[in-house]
Amino acid sequence: MKKKAYRCEKCRKEKTVPQGEKVPVCCGLPMKLKLEGCAKPFDAETARTDAADEPCNDGTDGNN
């Protein structure tokens, strides 16, 4: 079964829950989905049309 990782924006705690369950709550707020770092290039010249395009953390939000 696939799982999703979440992180609390206030206290930075992390929690992993099975996919399909509700978003966990921490510090009175819903936790944010923790995305893995981007490993694939994302410009037009290096893009692969057959590769799945999954969401990822590109490091621009300062919350690596």
# chains A, B, ... in the order shown; residues from 1 in each chain; ligands from 1
$ residues_around --residues "region 21-32 of chain A" --least-positions-apart "4" --cutoff "9 Å" --atoms "only C-alpha atoms" --output "compact mmCIF listing (two decimals) with N, CA and C atoms, in the first residue's frame"
# COMPACT_ATOMS: atom_id res chain seq x y z
N ALA A 5 3.67 11.24 2.97
CA ALA A 5 4.32 11.90 4.10
C ALA A 5 3.82 13.33 4.21
N TYR A 6 3.52 13.75 5.43
CA TYR A 6 3.05 15.09 5.70
C TYR A 6 3.96 15.75 6.72
N ARG A 7 4.01 17.10 6.69
CA ARG A 7 4.83 17.87 7.64
C ARG A 7 3.99 19.01 8.21
N CYS A 8 4.14 19.24 9.52
CA CYS A 8 3.46 20.35 10.19
C CYS A 8 4.24 21.63 9.92
N GLU A 9 3.54 22.68 9.51
CA GLU A 9 4.20 23.95 9.21
C GLU A 9 4.70 24.65 10.48
N LYS A 10 4.05 24.39 11.62
CA LYS A 10 4.45 25.07 12.85
C LYS A 10 5.61 24.37 13.56
N CYS A 11 5.41 23.10 13.93
CA CYS A 11 6.41 22.40 14.75
C CYS A 11 7.35 21.52 13.94
N LYS A 13 6.96 18.60 12.73
CA LYS A 13 6.81 17.14 12.89
C LYS A 13 6.35 16.54 11.57
N GLU A 14 6.71 15.29 11.35
CA GLU A 14 6.32 14.59 10.14
C GLU A 14 5.51 13.36 10.49
N LYS A 15 4.58 13.02 9.61
CA LYS A 15 3.73 11.85 9.83
C LYS A 15 3.45 11.21 8.47
N THR A 16 3.51 9.87 8.43
CA THR A 16 3.23 9.12 7.21
C THR A 16 1.92 8.36 7.39
N VAL A 17 1.02 8.50 6.42
CA VAL A 17 -0.28 7.84 6.48
C VAL A 17 -0.53 7.10 5.17
